[in-house]
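Listing of data12.txt; format and content: compact mmCIF, C-alpha atoms.
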```
# COMPACT_ATOMS: atom_id res chain seq x y z
CA MET M 16 -8.18 75.31 18.67
CA LYS M 17 -5.37 76.81 20.73
CA PRO M 18 -6.78 75.96 24.18
CA ILE M 19 -7.42 72.40 22.98
CA MET M 20 -3.80 72.03 21.81
CA ALA M 21 -2.62 73.49 25.12
CA TYR M 22 -4.73 70.96 27.01
CA ILE M 23 -3.40 68.07 24.93
CA ARG M 24 0.14 69.17 25.76
CA ARG M 25 -0.52 69.08 29.52
CA ASP M 26 1.34 66.39 31.44
CA GLU M 27 -1.77 65.35 33.33
CA TRP M 28 -5.41 65.64 32.40
CA SER M 29 -8.44 65.62 34.62
CA PRO M 30 -9.12 61.92 35.31
CA TYR M 31 -12.69 62.56 34.13
CA VAL M 32 -11.55 63.78 30.68
CA ALA M 33 -9.06 60.90 30.29
CA GLY M 34 -11.75 58.49 31.54
CA ILE M 35 -14.20 59.68 28.87
CA LEU M 36 -11.53 59.01 26.23
CA LEU M 37 -10.94 55.49 27.56
CA GLY M 38 -14.70 54.87 27.67
CA ILE M 39 -15.00 55.84 24.00
CA VAL M 40 -12.09 53.52 23.12
CA GLY M 41 -13.88 50.71 24.98
CA VAL M 42 -17.06 51.27 22.97
CA LEU M 43 -15.12 51.46 19.68
CA ALA M 44 -13.36 48.17 20.42
CA VAL M 45 -16.73 46.40 20.48
CA TRP M 46 -18.27 48.45 17.67
CA LEU M 47 -15.40 48.30 15.18
CA SER M 48 -13.94 44.86 15.87
CA ASN M 49 -16.37 43.04 18.21
CA SER M 50 -13.46 42.66 20.64
CA LEU M 51 -12.51 43.81 24.13
CA LEU M 52 -9.53 45.77 25.38
CA GLY M 53 -6.93 43.80 27.28
CA ALA M 54 -3.26 43.47 28.06
CA SER M 55 -2.44 40.39 30.15
CA GLY M 56 -3.54 37.91 27.46
CA ALA M 57 -0.99 39.32 25.01
CA PHE M 58 1.80 38.54 27.48
CA GLU M 59 0.54 34.93 27.69
CA THR M 60 0.68 34.66 23.89
CA MET M 61 4.18 36.14 23.73
CA ALA M 62 5.43 33.98 26.63
CA GLY M 63 4.23 30.94 24.66
CA MET M 64 6.05 32.09 21.52
CA ILE M 65 9.31 32.76 23.37
CA GLY M 66 8.95 29.60 25.49
CA LYS M 67 8.40 27.41 22.44
CA ALA M 68 11.52 28.87 20.82
CA LEU M 69 13.65 28.24 23.93
CA SER M 70 12.25 24.89 25.09
CA PRO M 71 9.71 23.31 22.73
CA GLU M 72 9.15 20.25 25.00
CA LEU M 73 8.46 22.21 28.19
CA PHE M 74 6.03 24.53 26.42
CA ASN M 75 4.31 21.73 24.52
CA THR M 76 1.26 21.94 26.77
CA MET M 77 -2.47 22.12 26.19
CA TYR M 78 -2.41 25.74 27.39
CA PHE M 79 0.32 26.99 25.06
CA ASN M 80 -0.88 24.84 22.13
CA TYR M 81 -4.62 25.51 22.20
CA ILE M 82 -5.72 28.12 24.75
CA MET M 83 -3.00 30.66 23.99
CA PRO M 84 -1.51 29.38 20.72
CA PRO M 85 1.76 30.97 19.63
CA GLU M 86 0.53 33.33 16.94
CA ILE M 87 0.34 37.12 16.68
CA THR M 88 -3.15 37.95 17.89
CA SER M 89 -5.01 41.26 17.73
CA GLY M 90 -4.31 41.46 21.49
CA VAL M 91 -0.57 41.56 20.77
CA ILE M 92 -1.13 44.32 18.18
CA LEU M 93 -3.25 46.21 20.72
CA LEU M 94 -0.42 45.94 23.29
CA ILE M 95 2.04 47.35 20.75
CA GLY M 96 -0.45 50.19 20.20
CA ILE M 97 -0.58 50.86 23.97
CA PHE M 98 3.23 51.11 23.99
CA PHE M 99 3.17 53.75 21.24
CA GLY M 100 0.17 55.49 22.81
CA GLY M 101 2.12 55.98 26.03
CA MET M 102 5.03 57.26 23.97
CA LEU M 103 2.78 59.70 22.10
CA GLY M 104 1.22 60.95 25.33
CA ALA M 105 4.59 61.65 26.94
CA ALA M 106 5.90 63.20 23.70
CA THR M 107 3.04 65.76 23.63
CA SER M 108 3.92 66.92 27.15
CA GLY M 109 7.70 66.68 26.69
CA THR M 110 8.04 64.07 29.45
CA LEU M 111 9.61 61.19 27.50
CA LYS M 112 12.22 59.35 29.58
CA TRP M 113 14.18 57.72 26.76
CA GLY M 114 17.87 58.26 27.51
CA LYS M 115 17.15 60.39 30.58
CA LYS M 116 19.14 59.98 33.80
CA ASP M 117 16.12 59.10 35.94
CA ALA M 118 14.67 56.56 33.48
CA ALA M 119 15.80 53.54 35.54
CA ASN M 120 14.08 54.60 38.77
CA SER M 121 11.42 56.86 37.40
CA ASP M 122 9.27 58.00 40.32
CA ALA M 123 10.05 60.73 42.86
CA GLN M 124 7.75 59.31 45.56
CA TRP M 125 9.39 55.88 45.31
CA LYS M 126 12.85 57.43 45.75
CA GLN M 127 11.69 59.52 48.68
CA ILE M 128 10.27 56.51 50.52
CA PHE M 129 12.54 53.64 49.48
CA GLY M 130 15.75 55.38 48.42
CA GLN M 131 17.78 55.93 45.28
CA GLN M 132 18.97 52.36 44.64
CA THR M 133 17.76 51.17 41.26
CA TRP M 134 18.12 47.45 42.12
CA LYS M 135 15.52 47.78 44.88
CA ARG M 136 12.92 49.33 42.56
CA TRP M 137 13.69 46.72 39.88
CA ALA M 138 13.48 43.77 42.29
CA VAL M 139 10.10 44.88 43.66
CA ALA M 140 8.77 45.76 40.20
CA PHE M 141 9.88 42.34 38.86
CA VAL M 142 8.23 40.39 41.69
CA GLY M 143 5.14 42.61 41.38
CA ALA M 144 4.91 41.97 37.64
CA ILE M 145 5.08 38.17 38.10
CA ILE M 146 2.32 38.35 40.75
CA LEU M 147 0.17 40.59 38.53
CA GLU M 148 0.35 38.35 35.48
CA TYR M 149 -0.28 35.14 37.45
CA ALA M 150 -3.23 36.76 39.23
CA ALA M 151 -4.68 38.00 35.93
CA GLY M 152 -4.58 34.41 34.69
CA ILE M 153 -6.56 33.14 37.68
CA ALA M 154 -9.06 36.02 37.61
CA GLY M 155 -9.67 35.83 33.86
CA GLY M 156 -8.11 39.17 32.97
CA CYS M 157 -6.38 42.28 34.30
CA THR M 158 -7.45 45.85 34.96
CA SER M 159 -8.17 46.43 31.27
CA GLY M 160 -9.30 42.99 30.12
CA LEU M 161 -11.54 42.25 33.11
CA ALA M 162 -12.16 45.39 35.23
CA ILE M 163 -12.83 47.81 32.35
CA SER M 164 -13.91 45.43 29.57
CA GLY M 165 -16.00 43.22 31.83
CA GLY M 166 -17.36 46.15 33.81
CA MET M 167 -18.63 47.98 30.75
CA LEU M 168 -20.59 44.87 29.75
CA LEU M 169 -21.86 44.64 33.37
CA ALA M 170 -20.22 41.25 34.01
CA PRO M 171 -20.25 40.42 37.76
CA ALA M 172 -16.70 39.06 37.38
CA ALA M 173 -15.36 42.59 36.85
CA PHE M 174 -16.83 44.00 40.05
CA LEU M 175 -15.70 41.00 42.11
CA PHE M 176 -12.20 41.49 40.71
CA ILE M 177 -12.19 45.25 41.42
CA ALA M 178 -13.35 44.65 45.03
CA GLY M 179 -10.58 42.10 45.61
CA MET M 180 -7.97 44.32 43.96
CA PHE M 181 -8.77 47.36 46.11
CA ALA M 182 -9.02 45.36 49.36
CA SER M 183 -5.60 43.74 49.00
CA GLY M 184 -4.02 46.81 47.37
CA ILE M 185 -4.92 48.91 50.40
CA ILE M 186 -3.60 46.29 52.84
CA THR M 187 -0.38 45.84 50.83
CA ALA M 188 0.20 49.61 50.69
CA MET M 189 -0.30 49.80 54.48
CA ILE M 190 2.29 47.06 55.01
CA VAL M 191 4.78 48.54 52.55
CA TYR M 192 4.44 52.16 53.75
CA ARG M 193 3.98 51.37 57.45
CA LYS M 194 4.20 54.67 59.38
CA ARG M 195 4.22 56.64 56.17
CA TYR M 196 0.92 55.19 54.94
CA MET U 15 -5.48 38.38 10.55
CA SER U 16 -6.74 40.92 8.04
CA THR U 17 -5.14 44.32 7.58
CA SER U 18 -8.23 46.09 8.87
CA ILE U 19 -8.07 44.16 12.17
CA VAL U 20 -4.40 45.12 12.57
CA VAL U 21 -5.15 48.79 11.84
CA ILE U 22 -8.14 48.88 14.23
CA ALA U 23 -6.21 47.14 17.04
CA LEU U 24 -3.27 49.52 16.60
CA PHE U 25 -5.62 52.54 16.54
CA LEU U 26 -7.45 51.40 19.70
CA GLY U 27 -4.18 50.60 21.47
CA VAL U 28 -2.66 54.02 20.72
CA PHE U 29 -5.66 55.89 22.13
CA PHE U 30 -5.79 53.49 25.09
CA GLY U 31 -2.11 54.07 25.93
CA PHE U 32 -2.52 57.82 25.34
CA ALA U 33 -5.44 57.95 27.83
CA LEU U 34 -3.43 55.98 30.41
CA ASN U 35 -0.55 58.43 30.05
CA LYS U 36 -2.74 61.54 30.31
CA ALA U 37 -4.60 60.16 33.33
CA GLY U 38 -1.20 59.81 35.02
CA LEU U 39 -1.54 56.04 35.38
CA THR U 40 1.91 55.41 33.97
CA LYS U 41 3.36 56.82 37.20
CA TYR U 42 4.16 54.65 40.22
CA HIS U 43 2.79 57.17 42.74
CA LYS U 44 -0.58 57.57 41.00
CA ILE U 45 -1.32 53.87 41.29
CA VAL U 46 0.01 53.42 44.81
CA ASN U 47 -1.68 56.55 46.17
CA VAL U 48 -5.12 55.26 45.23
CA PHE U 49 -4.40 52.38 47.64
CA ARG U 50 -3.13 54.87 50.23
CA LEU U 51 -6.41 56.72 49.58
CA THR U 52 -4.50 60.01 49.22
CA ASP U 53 -5.18 60.49 45.47
CA LEU U 54 -8.26 58.82 44.01
CA ALA U 55 -7.62 59.80 40.37
CA VAL U 56 -7.31 56.13 39.32
CA LEU U 57 -10.77 55.41 40.76
CA LYS U 58 -12.29 58.49 39.08
CA PHE U 59 -10.65 57.53 35.77
CA MET U 60 -11.88 53.93 35.88
CA MET U 61 -15.42 54.78 36.96
CA THR U 62 -15.75 57.55 34.35
CA ALA U 63 -14.56 55.15 31.64
CA LEU U 64 -17.09 52.58 32.86
CA ILE U 65 -20.00 55.06 32.84
CA VAL U 66 -19.21 56.17 29.27
CA SER U 67 -18.58 52.70 27.90
CA MET U 68 -21.51 50.90 29.58
CA SER U 69 -23.94 53.67 28.55
CA GLY U 70 -22.58 53.67 24.99
CA LEU U 71 -22.60 49.90 24.59
CA TYR U 72 -26.07 49.25 26.01
CA LEU U 73 -27.43 52.17 23.95
CA LEU U 74 -25.84 50.83 20.75
CA ARG U 75 -27.08 47.33 21.51
CA GLY U 76 -30.57 48.70 22.18
CA LEU U 77 -30.45 50.35 18.75
CA GLY U 78 -29.33 47.05 17.25
CA LEU U 79 -25.98 48.46 16.11
CA VAL U 80 -23.70 46.10 18.03
CA THR U 81 -23.68 42.58 19.37
CA PHE U 82 -21.59 41.90 22.46
CA PRO U 83 -18.42 39.78 22.23
CA THR U 84 -17.95 36.89 24.66
CA ILE U 85 -18.67 38.16 28.16
CA PRO U 86 -15.79 37.61 30.64
CA ALA U 87 -16.73 34.58 32.73
CA THR U 88 -17.89 34.89 36.31
CA TYR U 89 -16.52 32.19 38.65
CA ILE U 90 -16.77 33.89 42.00
CA ALA U 91 -13.84 32.32 43.89
CA GLY U 92 -11.38 32.77 41.02
CA ASN U 93 -12.42 36.35 40.21
CA VAL U 94 -12.08 37.40 43.86
CA ILE U 95 -8.89 35.45 44.66
CA GLY U 96 -7.32 36.63 41.39
CA GLY U 97 -8.28 40.20 42.30
CA LEU U 98 -6.82 39.81 45.79
CA ILE U 99 -3.47 38.57 44.43
CA PHE U 100 -3.55 41.20 41.67
CA GLY U 101 -3.88 44.05 44.20
CA VAL U 102 -0.71 42.89 45.95
CA GLY U 103 1.28 43.05 42.71
CA MET U 104 -0.21 46.40 41.78
CA ALA U 105 0.56 48.04 45.14
CA LEU U 106 4.14 46.68 45.04
CA SER U 107 5.00 47.61 41.46
CA GLY U 108 2.80 50.66 40.90
CA PHE U 109 1.65 49.40 37.50
CA CYS U 110 -0.55 46.81 35.85
CA PRO U 111 -0.04 45.05 32.49
CA GLY U 112 -1.63 47.88 30.44
CA THR U 113 -0.04 50.83 32.23
CA CYS U 114 3.33 49.08 32.20
CA ALA U 115 3.20 48.77 28.41
CA ALA U 116 2.34 52.48 28.10
CA GLY U 117 5.03 53.48 30.63
CA ALA U 118 7.53 51.34 28.70
CA GLY U 119 6.72 53.38 25.60
CA GLU U 120 7.58 56.52 27.54
CA GLY U 121 11.08 55.11 27.97
CA LYS U 122 10.91 54.21 31.67
CA LEU U 123 13.49 51.45 32.18
CA ASP U 124 11.85 50.16 35.38
CA TYR U 125 8.78 49.47 33.22
CA ILE U 126 10.70 48.07 30.23
CA VAL U 127 13.10 45.67 31.98
CA PRO U 128 11.66 44.27 35.26
CA GLY U 129 8.12 45.13 34.20
CA LEU U 130 7.77 43.57 30.75
CA PHE U 131 10.20 40.74 31.59
CA GLY U 132 8.32 40.03 34.83
CA PHE U 133 5.02 39.75 32.94
CA LEU U 134 6.55 37.25 30.51
CA VAL U 135 7.92 35.18 33.42
CA GLY U 136 4.57 35.36 35.22
CA ALA U 137 2.77 34.39 32.02
CA ALA U 138 5.07 31.38 31.49
CA LEU U 139 4.59 30.27 35.11
CA TYR U 140 0.83 30.60 34.78
CA GLY U 141 0.68 28.72 31.49
CA LEU U 142 2.88 25.90 32.79
CA THR U 143 0.78 25.45 35.97
CA TYR U 144 -2.56 26.20 34.30
CA GLN U 145 -3.95 22.66 34.41
CA TYR U 146 -3.29 22.33 38.17
CA VAL U 147 -4.88 25.67 39.07
CA PHE U 148 -7.47 27.01 36.66
CA PRO U 149 -9.91 24.09 36.11
CA ALA U 150 -10.30 23.63 39.88
CA ILE U 151 -10.70 27.29 40.79
CA SER U 152 -12.97 28.18 37.89
CA ALA U 153 -15.32 25.32 38.80
CA ILE U 154 -16.18 26.96 42.14
CA ALA U 155 -19.38 29.07 42.02
CA ASN U 156 -19.21 29.33 38.22
CA VAL U 157 -22.16 31.26 36.81
CA GLY U 158 -20.76 31.48 33.28
CA ASN U 159 -20.55 34.31 30.75
CA VAL U 160 -23.38 36.37 32.20
CA VAL U 161 -24.13 40.05 32.71
CA ILE U 162 -25.86 41.48 35.79
CA PRO U 163 -29.12 42.50 34.03
CA ASP U 164 -29.67 38.93 32.77
CA LEU U 165 -28.52 37.29 35.99
CA TRP U 166 -30.87 39.24 38.24
CA ASN U 167 -33.50 39.93 35.60
CA LEU U 168 -33.10 43.70 35.79
CA SER U 169 -33.46 46.32 33.09
CA PRO U 170 -29.96 47.18 31.77
CA PHE U 171 -31.06 50.82 31.71
CA LEU U 172 -31.66 50.74 35.47
CA VAL U 173 -28.34 49.02 36.20
CA VAL U 174 -26.41 51.59 34.13
CA LEU U 175 -28.37 54.42 35.76
CA PHE U 176 -27.66 53.02 39.23
CA PHE U 177 -23.93 52.69 38.51
CA THR U 178 -23.82 56.22 37.07
CA LEU U 179 -25.63 57.84 40.01
CA MET U 180 -23.52 55.91 42.52
CA SER U 181 -20.32 57.03 40.74
CA LEU U 182 -21.44 60.67 40.52
CA PHE U 183 -22.27 60.61 44.24
CA LEU U 184 -18.82 59.19 44.98
CA PHE U 185 -17.16 61.87 42.79
CA TYR U 186 -19.13 64.51 44.69
CA LEU U 187 -17.98 63.09 48.02
CA ILE U 188 -14.34 62.98 46.88
CA ASP U 189 -14.17 66.38 45.16
CA ARG U 190 -16.60 68.49 47.18
CA ALA U 191 -16.66 66.86 50.60
CA GLY U 192 -12.96 65.94 50.59
CA LEU U 193 -13.42 62.19 51.01
CA HIS U 194 -9.78 61.14 50.87
CA ARG U 195 -6.79 60.95 53.19
CA THR U 196 -4.13 63.63 53.22
CA ASP U 197 -0.57 62.64 52.42
CA ARG U 198 1.57 63.41 55.44
CA GLY U 199 4.66 62.14 53.60
```
Take the structure in the file and give it back as structure tokens.
Amino acid sequence: MKPIMAYIRRDEWSPYVAGILLGIVGVLAVWLSNSLLGASGAFETMAGMIGKALSPELFNTMYFNYIMPPEITSGVILLIGIFFGGMLGAATSGTLKWGKKDAANSDAQWKQIFGQQTWKRWAVAFVGAIILEYAAGIAGGCTSGLAISGGMLLAPAAFLFIAGMFASGIITAMIVYRKRY
Amino acid sequence: MSTSIVVIALFLGVFFGFALNKAGLTKYHKIVNVFRLTDLAVLKFMMTALIVSMSGLYLLRGLGLVTFPTIPATYIAGNVIGGLIFGVGMALSGFCPGTCAAGAGEGKLDYIVPGLFGFLVGAALYGLTYQYVFPAISAIANVGNVVIPDLWNLSPFLVVLFFTLMSLFLFYLIDRAGLHRTDRG
């Protein structure tokens, strides 16, 4: 029991062990609730809810009325679970960032390459997030909803998405890191 | 939504987020370094998850214990173009929608503020332009909600076996033969 507890408390697991856990979660999603894991769809639902509260006319579209109607879906609950799962993981290894000094610009490698300024990290992260969510819409899902969930069902869409993601991710990293790639 | 669905979704989400945290995917450098090819943990994590889940699901379906939910649709141009744009966002931000939610739970402000807010803005932009973009792009080379074994008339067992052997060979190359770049900082 003790070595298991010690392993759980580690900051980082072997990617193979963590991968097995994710694989089991993927199977359970289908087995227990006949659903798939996902994350980007929940943001669409929530954007519709917030949008309809702020500007009902603008968000009175076919998409926000019928395709992603403004109601709490199981995807939104799942996303809330992911939030608390990340919290639990960091809590077991004592690496929670709540209230810590480096919470705003959280990664050492980023700071080493791009500097200490928080605004720079936030600007790039914000633009990146918009691109990610828009791209997930076009592709039909994100890394969890399409790459993992589609891949485990052997949907060609997932492998096409993964190929595109790695190709452009590598090129983007080359451009961003230049000599330090 | 029934209580049991809420409980199951919450349970699945917690273990999902926990796995993302323990795999190190809630860290900017883990995600970016897979694209720099200096640390392939993300690839190992994803492929291991796929081996376990595809074996489990096709086994359970073979035993008649599960039926598959709606298969994510394959429309070749959209899946590839979406993936290409997605990779740009991922290499810039160092997260994706799922890992950002988990990292937000850890208390990382660069995940909570620009991350979550950026996804909501991106989602609103997508929803508002949906009718001009999606119907056109998803009509190109659309093969529908299919899986590879049905599409190419292959035994699912062979496809899963092929994916597993290919992944194990790749893991061997990475871990034993050192197939990755070294970070020169």
| field | Point-to-point distance in Å for atom CA of M:Ala182 and atom CA of M:Ile153 | value |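 Separating atom CA of M:Ile153 from atom CA of M:Ala182 is a distance of 17.1 Å.
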| query | So how far away is atom CA of M:Ile92 from atom CA of M:Gly155, in Å? | reply |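 We find that atom CA of M:Gly155 and atom CA of M:Ile92 lie 19.8 Å from each other.
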Distance query U:Cys114 at most 8 Å, all atoms listed in the file, self and fewer than 6 positions along chain excluded, as a compact mmCIF listing (two decimals) with C-alpha atoms, in the coordinates of the input:
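Wrote it out as result_30.txt, contents follow:
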```
# COMPACT_ATOMS: atom_id res chain seq x y z
CA THR U 40 1.91 55.41 33.97
CA TYR U 125 8.78 49.47 33.22
CA ILE U 126 10.70 48.07 30.23
CA GLY U 129 8.12 45.13 34.20
CA LEU U 130 7.77 43.57 30.75
```
| request: State, in Å with one decimal place, the distance from atom CA of U:Gly97 to atom CA of M:Ser164. | output: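 According to the coordinates, atom CA of U:Gly97 and atom CA of M:Ser164 are separated by 14.9 Å.
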Compile the contact shell of M:Ala144 as a PDB file with C-alpha atoms, keeping the file's coordinate frame: residues with an atom at most 9 Å away, counting all atoms listed in the file, same-chain residues fewer than 3 positions apart removed.
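And here is the file that came out, around00.pdb:
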```pdb
ATOM      1  CA  VAL M 139      10.100  44.880  43.660  1.00  0.00           C
ATOM      2  CA  ALA M 140       8.770  45.760  40.200  1.00  0.00           C
ATOM      3  CA  PHE M 141       9.880  42.340  38.860  1.00  0.00           C
ATOM      4  CA  LEU M 147       0.170  40.590  38.530  1.00  0.00           C
ATOM      5  CA  GLU M 148       0.350  38.350  35.480  1.00  0.00           C
ATOM      6  CA  TYR M 149      -0.280  35.140  37.450  1.00  0.00           C
TER       7      TYR M 149
ATOM      8  CA  GLY U 103       1.280  43.050  42.710  1.00  0.00           C
ATOM      9  CA  MET U 104      -0.210  46.400  41.780  1.00  0.00           C
ATOM     10  CA  LEU U 106       4.140  46.680  45.040  1.00  0.00           C
ATOM     11  CA  SER U 107       5.000  47.610  41.460  1.00  0.00           C
ATOM     12  CA  PHE U 109       1.650  49.400  37.500  1.00  0.00           C
ATOM     13  CA  CYS U 110      -0.550  46.810  35.850  1.00  0.00           C
ATOM     14  CA  PRO U 111      -0.040  45.050  32.490  1.00  0.00           C
ATOM     15  CA  PRO U 128      11.660  44.270  35.260  1.00  0.00           C
ATOM     16  CA  GLY U 129       8.120  45.130  34.200  1.00  0.00           C
ATOM     17  CA  LEU U 130       7.770  43.570  30.750  1.00  0.00           C
ATOM     18  CA  PHE U 131      10.200  40.740  31.590  1.00  0.00           C
ATOM     19  CA  GLY U 132       8.320  40.030  34.830  1.00  0.00           C
ATOM     20  CA  PHE U 133       5.020  39.750  32.940  1.00  0.00           C
ATOM     21  CA  LEU U 134       6.550  37.250  30.510  1.00  0.00           C
ATOM     22  CA  VAL U 135       7.920  35.180  33.420  1.00  0.00           C
ATOM     23  CA  GLY U 136       4.570  35.360  35.220  1.00  0.00           C
TER      24      GLY U 136
END
```
| Residue nearest chain M among U:Thr196, U:Leu79, U:Glu120, U:Ala155 (counting only C-alpha atoms) |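 Counting only C-alpha atoms, the residue closest to chain M is U:Glu120.
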| 12 Å contact set for U:Ile19, all atoms listed in the file, chain neighbours under 5 positions out, as an MDAnalysis selection string | (chainID M and resid 44 47:50 87:93) or (chainID U and resid 24:27)
| message | Residues within 9 Å of U:Val80, please, as a ChimeraX atom specification. Count all atoms listed in the file; anything in the same chain fewer than 5 positions from it doesn't count. | response | /M:45-46,49 /U:71-72,74-75
